[in-house]
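Heads up, start_13.tsv below (TSV, C-alpha atoms and all ligand atoms):
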chain	number	residue	atom	x	y	z
S	1075	MET	CA	112.84	181.85	86.60
S	1076	CYS	CA	110.44	181.13	83.75
S	1077	ILE	CA	108.82	177.75	84.19
S	1078	ASP	CA	108.76	176.92	80.49
S	1079	THR	CA	112.50	177.55	80.31
S	1080	LEU	CA	113.05	175.19	83.25
S	1081	ILE	CA	110.97	172.49	81.60
S	1082	GLN	CA	112.85	172.94	78.35
S	1083	GLN	CA	116.19	172.72	80.17
S	1084	LEU	CA	115.09	169.57	82.01
S	1085	CYS	CA	113.93	167.89	78.80
S	1086	CYS	CA	117.11	168.80	76.89
S	1087	THR	CA	119.83	168.41	79.52
S	1088	HIS	CA	118.19	166.08	82.09
S	1089	TRP	CA	119.59	168.35	84.77
S	1090	LEU	CA	118.41	171.19	87.03
S	1091	ASP	CA	120.10	172.63	90.10
S	1092	GLN	CA	118.40	172.62	93.49
S	1093	ALA	CA	116.94	176.14	93.23
S	1094	GLN	CA	115.61	175.33	89.76
S	1095	TRP	CA	113.96	172.11	90.97
S	1096	ALA	CA	112.28	173.99	93.81
S	1097	ALA	CA	111.07	176.68	91.39
S	1098	LEU	CA	109.75	174.05	88.98
S	1099	LEU	CA	107.89	172.17	91.73
S	1100	ARG	CA	106.43	175.37	93.16
S	1101	GLY	CA	105.38	176.74	89.79
S	1102	ALA	CA	104.08	173.70	87.91
S	1103	GLY	CA	100.31	173.76	87.40
S	1104	ALA	CA	98.09	171.29	85.54
S	1105	GLN	CA	99.29	172.48	82.13
S	1106	GLU	CA	102.97	172.10	83.01
S	1107	ALA	CA	102.35	168.71	84.62
S	1108	LYS	CA	100.71	167.53	81.41
S	1109	HIS	CA	103.63	168.74	79.33
S	1110	LEU	CA	106.13	167.04	81.66
S	1111	ALA	CA	104.12	163.80	81.63
S	1112	GLN	CA	104.11	163.72	77.83
S	1113	ALA	CA	107.86	164.30	77.67
S	1114	ALA	CA	108.49	161.71	80.42
S	1115	GLN	CA	106.31	159.09	78.77
S	1116	ALA	CA	108.14	159.66	75.48
S	1117	GLU	CA	111.51	159.11	77.25
S	1118	ALA	CA	110.26	155.86	78.79
S	1119	VAL	CA	108.80	154.60	75.50
S	1120	ALA	CA	112.03	155.46	73.65
S	1121	ARG	CA	113.98	153.18	76.01
S	1122	PHE	CA	111.56	150.47	77.04
S	1123	GLY	CA	108.86	150.53	74.37
S	1124	LYS	CA	105.30	150.05	75.53
S	1125	LYS	CA	106.39	147.23	77.79
S	1126	ILE	CA	106.04	147.23	81.55
S	1127	TYR	CA	108.35	145.16	83.71
S	1128	VAL	CA	106.56	143.24	86.42
S	1129	ARG	CA	107.96	142.36	89.86
S	1130	GLY	CA	106.26	139.86	92.14
S	1131	LEU	CA	106.24	141.31	95.65
S	1132	ILE	CA	106.45	138.83	98.52
S	1133	GLU	CA	105.91	140.56	101.87
S	1134	PHE	CA	107.48	137.88	104.03
S	1135	THR	CA	107.49	139.47	107.49
S	1136	ASN	CA	105.76	142.41	109.11
S	1137	TYR	CA	107.82	142.31	112.31
S	1138	CYS	CA	109.94	145.46	112.49
S	1139	ARG	CA	112.31	146.83	115.10
S	1140	ASN	CA	111.88	150.39	113.78
S	1141	ASP	CA	109.26	152.91	114.70
S	1142	CYS	CA	108.92	155.22	111.68
S	1143	TYR	CA	106.06	157.61	112.39
S	1144	TYR	CA	104.32	157.05	109.03
S	1145	CYS	CA	104.39	153.27	108.87
S	1146	GLY	CA	101.59	150.90	109.85
S	1147	ILE	CA	103.94	148.05	110.77
S	1148	ARG	CA	106.03	150.19	113.13
S	1149	ARG	CA	107.11	148.50	116.34
S	1150	SER	CA	104.77	150.53	118.54
S	1151	ASN	CA	101.65	149.57	116.63
S	1152	ALA	CA	100.33	146.95	119.03
S	1153	LYS	CA	97.27	146.48	116.83
S	1154	ALA	CA	99.29	145.09	113.93
S	1155	GLN	CA	98.91	141.31	113.73
S	1156	ARG	CA	102.43	140.10	113.23
S	1157	TYR	CA	103.36	137.27	110.85
S	1158	ARG	CA	106.47	135.76	109.36
S	1159	LEU	CA	106.46	133.42	106.36
S	1160	THR	CA	108.71	130.37	106.33
S	1161	PRO	CA	111.18	129.79	103.49
S	1162	GLU	CA	108.81	127.10	102.22
S	1163	ASP	CA	105.92	129.62	102.14
S	1164	ILE	CA	108.18	131.97	100.17
S	1165	PHE	CA	109.17	129.23	97.70
S	1166	ALA	CA	105.48	128.45	97.17
S	1167	CYS	CA	104.91	132.13	96.24
S	1168	CYS	CA	107.82	131.97	93.79
S	1169	ALA	CA	106.51	128.76	92.21
S	1170	GLU	CA	103.10	130.29	91.72
S	1171	GLY	CA	104.60	133.55	90.47
S	1172	TYR	CA	106.88	131.78	88.02
S	1173	ASP	CA	103.92	129.96	86.47
S	1174	LEU	CA	102.13	133.30	86.15
S	1175	GLY	CA	105.07	134.75	84.21
S	1176	PHE	CA	106.99	136.65	86.91
S	1177	ARG	CA	110.76	136.76	86.34
S	1178	THR	CA	111.63	139.03	89.28
S	1179	PHE	CA	110.78	138.30	92.89
S	1180	VAL	CA	111.00	141.01	95.54
S	1181	LEU	CA	111.36	139.83	99.14
S	1182	GLN	CA	110.22	142.73	101.30
S	1183	GLY	CA	109.90	142.85	105.04
S	1184	GLY	CA	110.39	144.85	108.19
S	1185	GLU	CA	113.73	144.79	109.99
S	1186	ASP	CA	112.98	141.47	111.66
S	1187	ALA	CA	115.70	139.81	113.75
S	1188	GLY	CA	113.44	136.74	113.94
S	1189	PHE	CA	114.18	136.02	110.28
S	1190	SER	CA	117.94	135.86	110.58
S	1191	ASP	CA	120.39	137.17	107.99
S	1192	ASP	CA	121.69	133.65	107.63
S	1193	LEU	CA	118.24	132.21	106.96
S	1194	LEU	CA	117.61	134.98	104.43
S	1195	CYS	CA	120.87	134.13	102.65
S	1196	ARG	CA	119.91	130.48	102.44
S	1197	THR	CA	116.45	131.43	101.18
S	1198	VAL	CA	118.02	133.62	98.48
S	1199	GLU	CA	120.40	130.83	97.45
S	1200	THR	CA	117.54	128.37	97.08
S	1201	ILE	CA	115.41	130.76	95.04
S	1202	LYS	CA	118.31	131.55	92.72
S	1203	LYS	CA	119.04	127.85	92.29
S	1204	ARG	CA	115.44	126.79	91.65
S	1205	TRP	CA	114.45	129.75	89.47
S	1206	SER	CA	117.81	130.53	87.91
S	1207	ASP	CA	116.38	132.70	85.13
S	1208	CYS	CA	114.79	135.08	87.66
S	1209	ALA	CA	116.14	138.21	89.32
S	1210	LEU	CA	115.87	138.52	93.07
S	1211	THR	CA	115.37	141.82	94.86
S	1212	LEU	CA	115.66	142.36	98.60
S	1213	SER	CA	113.96	145.13	100.56
S	1214	VAL	CA	114.75	144.48	104.20
S	1215	GLY	CA	116.11	147.79	105.43
S	1216	GLU	CA	119.40	148.78	107.02
S	1217	ARG	CA	122.16	146.20	107.60
S	1218	ASN	CA	125.91	146.47	107.86
S	1219	ARG	CA	128.24	146.04	104.91
S	1220	GLY	CA	129.16	142.46	105.75
S	1221	VAL	CA	125.52	141.40	105.75
S	1222	TYR	CA	124.77	143.21	102.50
S	1223	GLN	CA	127.80	141.50	100.97
S	1224	SER	CA	126.55	138.10	102.12
S	1225	PHE	CA	123.13	138.78	100.55
S	1226	PHE	CA	124.91	139.65	97.31
S	1227	ASP	CA	127.14	136.59	97.46
S	1228	ALA	CA	124.05	134.45	98.03
S	1229	GLY	CA	122.79	135.71	94.68
S	1230	ALA	CA	120.54	138.72	95.37
S	1231	ASP	CA	120.65	141.04	92.35
S	1232	ARG	CA	118.87	144.17	93.51
S	1233	TYR	CA	118.11	146.07	96.71
S	1234	LEU	CA	115.36	148.59	97.46
S	1235	LEU	CA	115.93	151.07	100.27
S	1236	ARG	CA	114.04	154.32	99.97
S	1237	HIS	CA	116.00	157.22	101.41
S	1238	GLU	CA	112.58	158.70	102.47
S	1239	THR	CA	113.87	162.30	102.47
S	1240	ALA	CA	117.30	163.81	101.81
S	1241	ASN	CA	116.75	166.71	104.21
S	1242	GLU	CA	118.14	166.20	107.70
S	1243	ALA	CA	115.44	168.09	109.64
S	1244	HIS	CA	112.71	166.46	107.59
S	1245	TYR	CA	114.24	163.02	108.22
S	1246	HIS	CA	113.85	163.65	111.94
S	1247	ARG	CA	110.25	164.77	111.46
S	1248	LEU	CA	109.51	161.33	109.97
S	1249	HIS	CA	111.68	159.06	112.14
S	1250	PRO	CA	112.64	158.60	115.79
S	1251	ALA	CA	116.09	159.75	116.90
S	1252	ALA	CA	117.51	156.22	116.63
S	1253	LEU	CA	117.41	156.50	112.84
S	1254	SER	CA	119.71	158.78	110.89
S	1255	LEU	CA	119.80	160.12	107.37
S	1256	ALA	CA	123.59	159.78	107.25
S	1257	ARG	CA	123.31	156.06	108.00
S	1258	ARG	CA	120.55	155.65	105.43
S	1259	LYS	CA	122.61	157.30	102.71
S	1260	GLU	CA	125.66	155.29	103.71
S	1261	CYS	CA	123.68	152.07	103.28
S	1262	LEU	CA	122.69	153.13	99.76
S	1263	TRP	CA	126.26	153.95	98.76
S	1264	THR	CA	127.48	150.65	100.23
S	1265	LEU	CA	124.83	148.67	98.34
S	1266	LYS	CA	125.93	150.34	95.14
S	1267	GLU	CA	129.60	149.66	95.79
S	1268	ILE	CA	128.88	145.99	96.43
S	1269	GLY	CA	127.30	145.75	93.00
S	1270	PHE	CA	123.56	145.62	93.64
S	1271	GLN	CA	121.13	147.35	91.31
S	1272	VAL	CA	119.92	149.86	93.86
S	1273	GLY	CA	116.58	151.59	94.38
S	1274	ALA	CA	116.09	154.73	96.46
S	1275	GLY	CA	112.96	156.87	96.74
S	1276	PHE	CA	110.50	158.74	98.89
S	1277	MET	CA	106.83	159.40	99.62
S	1278	VAL	CA	105.16	162.41	98.04
S	1279	GLY	CA	103.21	164.63	100.43
S	1280	ALA	CA	104.80	163.26	103.59
S	1281	PRO	CA	104.20	165.52	106.60
S	1282	GLY	CA	106.70	168.39	106.62
S	1283	GLN	CA	107.66	167.97	102.96
S	1284	THR	CA	108.15	171.16	100.93
S	1285	ALA	CA	109.29	172.08	97.42
S	1286	GLU	CA	112.72	172.63	98.98
S	1287	THR	CA	112.96	169.19	100.59
S	1288	LEU	CA	111.74	167.60	97.34
S	1289	ALA	CA	114.42	169.52	95.45
S	1290	GLU	CA	116.96	167.99	97.86
S	1291	ASP	CA	115.52	164.54	97.14
S	1292	LEU	CA	115.99	165.06	93.42
S	1293	ILE	CA	119.55	166.33	93.86
S	1294	PHE	CA	120.36	163.32	96.04
S	1295	LEU	CA	118.99	160.98	93.36
S	1296	GLN	CA	121.04	162.83	90.77
S	1297	GLN	CA	124.16	162.17	92.86
S	1298	LEU	CA	123.37	158.57	93.75
S	1299	GLN	CA	122.31	157.61	90.21
S	1300	PRO	CA	120.19	154.69	91.43
S	1301	HIS	CA	119.00	152.02	89.01
S	1302	MET	CA	115.46	152.22	90.44
S	1303	VAL	CA	113.40	154.90	92.15
S	1304	GLY	CA	110.29	154.15	94.24
S	1305	ILE	CA	107.84	157.00	94.60
S	1306	GLY	CA	104.31	156.89	95.95
S	1307	PRO	CA	101.96	159.22	97.79
S	1308	PHE	CA	102.10	159.31	101.59
S	1309	LEU	CA	98.86	157.75	102.86
S	1310	PRO	CA	98.00	157.91	106.55
S	1311	HIS	CA	97.57	154.78	108.67
S	1312	LYS	CA	95.02	155.02	111.48
S	1313	ASP	CA	97.26	153.47	114.15
S	1314	THR	CA	100.32	155.70	113.66
S	1315	PRO	CA	101.28	159.16	114.94
S	1316	PHE	CA	100.48	160.47	111.45
S	1317	ALA	CA	96.89	159.19	111.48
S	1318	GLN	CA	95.47	162.71	111.18
S	1319	GLU	CA	97.90	163.98	108.54
S	1320	ALA	CA	96.71	164.74	105.01
S	1321	ALA	CA	97.49	162.25	102.26
S	1322	GLY	CA	99.84	163.14	99.43
S	1323	SER	CA	98.09	163.96	96.17
S	1324	THR	CA	97.92	161.78	93.09
S	1325	GLU	CA	98.73	164.78	90.87
S	1326	GLN	CA	101.87	165.72	92.75
S	1327	THR	CA	103.04	162.10	92.75
S	1328	LEU	CA	102.57	161.96	88.98
S	1329	LEU	CA	104.51	165.21	88.62
S	1330	LEU	CA	107.42	163.79	90.63
S	1331	LEU	CA	107.38	160.57	88.58
S	1332	SER	CA	107.72	162.68	85.42
S	1333	CYS	CA	110.53	164.75	86.95
S	1334	VAL	CA	112.47	161.62	87.91
S	1335	ARG	CA	111.99	160.03	84.48
S	1336	LEU	CA	113.27	163.19	82.77
S	1337	MET	CA	116.23	163.51	85.15
S	1338	LEU	CA	117.20	159.81	84.98
S	1339	PRO	CA	115.87	158.61	81.60
S	1340	GLN	CA	117.08	155.01	82.05
S	1341	VAL	CA	115.74	154.50	85.57
S	1342	LEU	CA	113.37	151.66	86.47
S	1343	LEU	CA	110.38	153.50	87.89
S	1344	PRO	CA	107.38	151.69	89.38
S	1345	ALA	CA	103.80	152.90	89.34
S	1346	THR	CA	103.35	151.94	92.98
S	1347	THR	CA	100.60	150.23	94.93
S	1348	ALA	CA	100.25	153.41	97.00
S	1349	LEU	CA	99.54	155.34	93.79
S	1350	GLY	CA	96.95	152.70	92.87
S	1351	THR	CA	95.43	153.13	96.32
S	1352	ALA	CA	95.27	156.94	96.10
S	1353	ALA	CA	93.36	156.74	92.79
S	1354	ALA	CA	91.63	153.78	91.14
S	1355	ASP	CA	93.52	154.45	87.90
S	1356	GLY	CA	96.66	155.69	89.64
S	1357	ARG	CA	99.02	153.06	88.28
S	1358	GLU	CA	97.83	153.54	84.70
S	1359	ARG	CA	98.29	157.29	85.08
S	1360	GLY	CA	101.73	156.66	86.58
S	1361	ILE	CA	102.74	154.78	83.43
S	1362	LEU	CA	101.41	157.60	81.28
S	1363	ALA	CA	103.58	159.98	83.35
S	1364	GLY	CA	106.81	158.02	82.80
S	1365	ALA	CA	106.71	154.88	85.02
S	1366	ASN	CA	107.72	151.52	83.47
S	1367	VAL	CA	107.39	148.95	86.27
S	1368	VAL	CA	104.53	147.50	88.33
S	1369	MET	CA	104.91	145.38	91.45
S	1370	PRO	CA	101.84	143.23	92.05
S	1371	ASN	CA	101.45	141.38	95.29
S	1372	LEU	CA	102.40	137.68	95.34
S	1373	SER	CA	102.09	137.27	99.10
S	1374	PRO	CA	99.66	134.58	100.31
S	1375	LEU	CA	96.14	136.07	100.51
S	1376	SER	CA	95.98	135.08	104.19
S	1377	VAL	CA	98.66	137.61	105.18
S	1378	ARG	CA	98.03	140.47	102.77
S	1379	LYS	CA	95.81	142.46	105.09
S	1380	LYS	CA	98.49	142.29	107.75
S	1381	TYR	CA	101.12	144.09	105.66
S	1382	MET	CA	99.24	147.39	105.96
S	1383	LEU	CA	101.75	150.20	105.68
S	1384	TYR	CA	98.84	152.62	105.15
S	1385	ASP	CA	95.03	152.45	105.25
S	1386	ASN	CA	92.95	150.96	102.42
S	1387	LYS	CA	95.84	149.32	100.58
S	1388	ILE	CA	94.64	147.69	97.36
S	1389	CYS	CA	95.12	144.05	96.34
S	1390	THR	CA	94.60	142.70	99.85
S	1391	GLY	CA	91.15	141.15	99.42
S	1392	ASP	CA	89.91	137.97	97.75
S	1393	GLU	CA	89.29	139.79	94.50
S	1394	SER	CA	93.04	140.27	94.12
S	1395	ALA	CA	93.92	136.56	93.99
S	1396	GLN	CA	94.65	137.18	90.34
S	1397	CYS	CA	96.50	140.45	90.15
S	1398	ARG	CA	98.04	139.26	86.93
S	1399	SER	CA	94.86	139.32	84.87
S	1400	CYS	CA	93.72	142.54	86.53
S	1401	LEU	CA	97.01	144.21	85.65
S	1402	GLN	CA	97.11	142.79	82.16
S	1403	HIS	CA	93.70	144.27	81.55
S	1404	ARG	CA	94.79	147.61	83.00
S	1405	LEU	CA	97.93	147.68	80.86
S	1406	SER	CA	96.13	146.84	77.65
S	1407	SER	CA	93.55	149.55	78.40
S	1408	ILE	CA	96.36	152.09	77.93
S	1409	ASP	CA	97.95	150.20	75.03
S	1410	TYR	CA	100.85	148.74	77.03
S	1411	GLU	CA	101.86	145.13	77.61
S	1412	TRP	CA	103.29	142.97	80.37
S	1413	ALA	CA	106.98	142.19	79.71
S	1414	VAL	CA	107.90	138.62	80.65
S	1415	GLU	CA	111.58	139.38	81.26
S	1416	ARG	CA	113.89	139.96	84.19
S	1417	GLY	CA	114.01	143.63	83.26
S	1418	ASP	CA	117.47	144.53	84.50
S	1419	SER	CA	118.64	148.12	84.55
S	1420	PRO	CA	119.93	149.31	81.17
S	1421	LEU	CA	122.72	151.00	83.15
S	1422	LEU	CA	124.31	147.60	83.78
S	1423	GLY	CA	126.76	146.32	81.22
S	1424	THR	CA	126.05	142.60	81.39
S	1425	PRO	CA	123.83	141.57	84.29
S	1426	ARG	CA	125.14	138.71	86.40
S	1427	THR	CA	124.05	135.39	84.98
S	1428	SER	CA	123.18	132.46	87.20
S	1429	ALA	CA	126.69	131.07	86.57
S	1430	SER	CA	128.30	134.16	88.08
S	1431	THR	CA	126.13	134.19	91.17
S	1432	VAL	CA	127.80	131.15	92.74
S	1433	PRO	CA	129.06	132.33	96.13
S	1434	ALA	CA	132.75	133.18	96.12
S	1435	GLN	CA	134.94	130.58	97.80
S	1436	SER	CA	136.45	131.84	100.99
S	1437	GLY	CA	140.22	131.92	101.45
L	1501	LIG	N1	102.19	155.80	103.05
L	1501	LIG	C1	102.85	155.59	101.90
L	1501	LIG	N2	103.98	154.88	101.81
L	1501	LIG	C2	104.46	154.34	102.94
L	1501	LIG	N3	105.56	153.63	103.18
L	1501	LIG	C3	105.60	153.31	104.50
L	1501	LIG	N4	104.53	153.83	105.13
L	1501	LIG	C4	103.81	154.49	104.19
L	1501	LIG	C5	102.63	155.26	104.21
L	1501	LIG	N5	101.96	155.47	105.34
L	1501	LIG	C6	106.59	153.39	102.16
L	1501	LIG	C7	107.95	153.87	102.66
L	1501	LIG	C8	108.77	152.60	102.67
L	1501	LIG	C9	108.04	151.72	101.67
L	1501	LIG	C10	108.28	150.26	101.83
L	1501	LIG	O1	106.69	152.02	101.89
L	1501	LIG	O2	108.48	154.84	101.76
L	1501	LIG	O3	110.12	152.80	102.30
L	1502	LIG	FE1	95.89	143.43	92.22
L	1502	LIG	FE2	94.32	144.66	90.36
L	1502	LIG	S1	96.46	144.54	90.47
L	1502	LIG	S2	93.72	143.29	91.98

Re-express the file's structure as structure tokens.
Amino acid sequence: MCIDTLIQQLCCTHWLDQAQWAALLRGAGAQEAKHLAQAAQAEAVARFGKKIYVRGLIEFTNYCRNDCYYCGIRRSNAKAQRYRLTPEDIFACCAEGYDLGFRTFVLQGGEDAGFSDDLLCRTVETIKKRWSDCALTLSVGERNRGVYQSFFDAGADRYLLRHETANEAHYHRLHPAALSLARRKECLWTLKEIGFQVGAGFMVGAPGQTAETLAEDLIFLQQLQPHMVGIGPFLPHKDTPFAQEAAGSTEQTLLLLSCVRLMLPQVLLPATTALGTAAADGRERGILAGANVVMPNLSPLSVRKKYMLYDNKICTGDESAQCRSCLQHRLSSIDYEWAVERGDSPLLGTPRTSASTVPAQSG
């Protein structure tokens, strides 16, 4: 298969089959990556202009019952200093974020039974009542349908749950036996059915990943048609079983961002913190390769160093108290601007307004 033909097909039809994806990923060198980035950036600019949606990330608990081999807040990491914010702490982050211009808040945490589903629902309800012009995203892992439905009824608009890898054997290379790919995928389909704007995604360069497993990831995304896709490089954490594994590369992450933008032109695609950690200008380069979202940290400075999924995470020191001005400067350096909007998926007809998020009456 000729790589230029594959690139042309991707740009024109937004579709490749699994063997074609694998061939493209195996064959793409620096020249092809540049070509793909230009085409991907043009797709993003055609839909979103030179505006970047901004999501305020509130990492509200680092307790987690899971033990994913790559993750710094895994249950078995006894060195992790555990913390859990109170709803009041979370509201304080929202108040500060709102004043800074954030119109989406993302509550992310480990799978923490100590922050009950009920408390999370009440927290969501309060945020949606107090900041009714803001979107609320949850990223709290796997729950059953009834719980997801109650989060939605409480007013949550979006849900992030990376699938991590769509290949069964690879899933087991990254996770203990208690976790299953089938369950992960089922959660994503359920979230979509309930009506969330849904985000899937994966790490680039995770141990055991190949062009073939990446091709499966892309085919899965093609099937799922998520509203958002989170992609960042794998970065090792010193207190995990993957401490000695090699990090994913910035270049390959950029290539995958471009592939996803060209496959799903309307998708909301963040230039992630992990990409900004892998390279000082990683997020800017992510935008130039097709990304259109950034997710700065709004967590209290006192806990930021404790939400260490991987080593050397950026925006965790005192210098990051003002991520907004740092990011604004970074965006303007590449001729982009910060969009003060909710930034819902263009795939939605009419996003739910605050009036339609009132919990349904039972009975
Ligand atoms: N390197 C990069 N990304 C990681 N994540 C977890 N651990 C790491 C790591 N070591 C990602 C996972 C998860 C998201 C919240 O962070 O993909 O879904
Ligand atoms: Fe956080 Fe630059 S974005 S310090």

Output the neighbourhood of ligand LIG 1502 (chain L) as a list in words, that is, all protein and nucleic acid residues with some atom at most 7 Å from the ligand, counting all atoms listed in the file.
Pro1370, Asn1371, Ile1388, Cys1389, Glu1393, Ser1394, Gln1396, Cys1397, Arg1398, Cys1400 and Leu1401 of chain S

My list of candidates is S:Asp1355, S:Asp1078, S:Asp1192, S:Glu1133. Which is closest to S:His1109 when distances are computed with all atoms listed in the file?
S:Asp1078

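Residues in contact with ligand LIG 1501 (chain L) comprise Tyr1144, Cys1145, Gly1146, Leu1235, Arg1236, Glu1238, Phe1276, Met1277, Gly1306, Pro1307, Phe1308, Leu1309, Pro1310, His1311, Ala1348, Leu1383 and Tyr1384 of chain S, where contact means an atom-to-atom distance of at most 7 Å counting all atoms listed in the file.
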
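Every protein or nucleic acid residue with an atom no more than 12 Å from S:Cys1167, counting all atoms listed in the file and leaving out same-chain residues fewer than 4 positions away, appears here: S:Gly1130, S:Leu1131, S:Ile1132, S:Glu1133, S:Phe1134, S:Leu1159, S:Thr1160, S:Pro1161, S:Glu1162, S:Asp1163, S:Gly1171, S:Tyr1172, S:Asp1173, S:Leu1174, S:Phe1176, S:Thr1178, S:Phe1179, S:Val1180, S:Leu1181, S:Ile1201, S:Trp1205, S:Asn1371, S:Leu1372, S:Ser1373, S:Pro1374, S:Leu1375.
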
Near S:Ala1251, counting all atoms listed in the file, which residues have an atom at most 10 Å away, once you skip same-chain residues fewer than 4 positions from it, shown as a PyMOL selection string?
chain S and resi 1141-1142+1245-1247

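Candidate residues S:Gln1112, S:Asn1218, S:Ser1213, S:Gln1223 were compared for distance to S:Gly1273, and the nearest is S:Ser1213, using only C-alpha atoms.
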
Which residue is closest to S:Ser1376? Choose from S:Leu1194, S:Ala1107, S:Leu1295, S:Ala1395 and count only C-alpha atoms.
S:Ala1395

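Atom CA of S:Met1302 sits 23.9 Å away from atom CA of S:Ala1354.
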
Give me the residues near S:Gln1340 as a PyMOL selection string, where near means some atom within 10 Å (using only C-alpha atoms) and where sequence neighbours in that chain fewer than 3 positions away do not count.
chain S and resi 1117-1118+1120-1122+1300-1302+1334-1337+1343+1419-1421

Write to file, as a PDB file, in the frame of the given file, the residues of the selection just made, with C-alpha atoms.
ATOM      1  CA  GLU S1117     111.510 159.110  77.250  1.00  0.00           C
ATOM      2  CA  ALA S1118     110.260 155.860  78.790  1.00  0.00           C
ATOM      3  CA  ALA S1120     112.030 155.460  73.650  1.00  0.00           C
ATOM      4  CA  ARG S1121     113.980 153.180  76.010  1.00  0.00           C
ATOM      5  CA  PHE S1122     111.560 150.470  77.040  1.00  0.00           C
ATOM      6  CA  PRO S1300     120.190 154.690  91.430  1.00  0.00           C
ATOM      7  CA  HIS S1301     119.000 152.020  89.010  1.00  0.00           C
ATOM      8  CA  MET S1302     115.460 152.220  90.440  1.00  0.00           C
ATOM      9  CA  VAL S1334     112.470 161.620  87.910  1.00  0.00           C
ATOM     10  CA  ARG S1335     111.990 160.030  84.480  1.00  0.00           C
ATOM     11  CA  LEU S1336     113.270 163.190  82.770  1.00  0.00           C
ATOM     12  CA  MET S1337     116.230 163.510  85.150  1.00  0.00           C
ATOM     13  CA  LEU S1343     110.380 153.500  87.890  1.00  0.00           C
ATOM     14  CA  SER S1419     118.640 148.120  84.550  1.00  0.00           C
ATOM     15  CA  PRO S1420     119.930 149.310  81.170  1.00  0.00           C
ATOM     16  CA  LEU S1421     122.720 151.000  83.150  1.00  0.00           C
TER      17      LEU S1421
END

Residues near S:Arg1217, anyone? I mean within 10 Å using only C-alpha atoms, not counting same-chain ones fewer than 5 positions away, as a PyMOL selection string.
chain S and resi 1185+1191+1222-1223+1257-1258+1261+1265

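Counting only C-alpha atoms, the residue from S:Gly1123, S:Tyr1137, S:Gln1082, S:Val1414 that sits nearest to S:Ser1150 is S:Tyr1137.
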
Need the shell around S:Ser1323: protein/DNA/RNA residues with any atom at most 8 Å away, counting all atoms listed in the file. Skip same-chain ones fewer than 4 positions apart. Format as a CSV table (one decimal) with C-alpha atoms, in the frame of the given file?
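And here is the file that came out, result24.csv:
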chain,number,residue,atom,x,y,z
S,1278,VAL,CA,105.2,162.4,98.0
S,1279,GLY,CA,103.2,164.6,100.4
S,1307,PRO,CA,102.0,159.2,97.8
S,1327,THR,CA,103.0,162.1,92.8
S,1352,ALA,CA,95.3,156.9,96.1

Counting all atoms listed in the file, the residue of S:Cys1195, S:Ile1081, S:Leu1212, S:Ala1289 that sits nearest S:Thr1239:
S:Ala1289

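Atom CA of S:Leu1234 sits 20.1 Å away from atom CA of S:Asp1207.
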
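With distances restricted to all atoms listed in the file, S:Met1369 is the closest residue to S:Arg1177 from S:Leu1193, S:Ile1268, S:Leu1084, S:Met1369.
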
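Atom to atom, atom CA of S:Cys1076 and atom CA of S:Ala1097 stand 8.9 Å apart.
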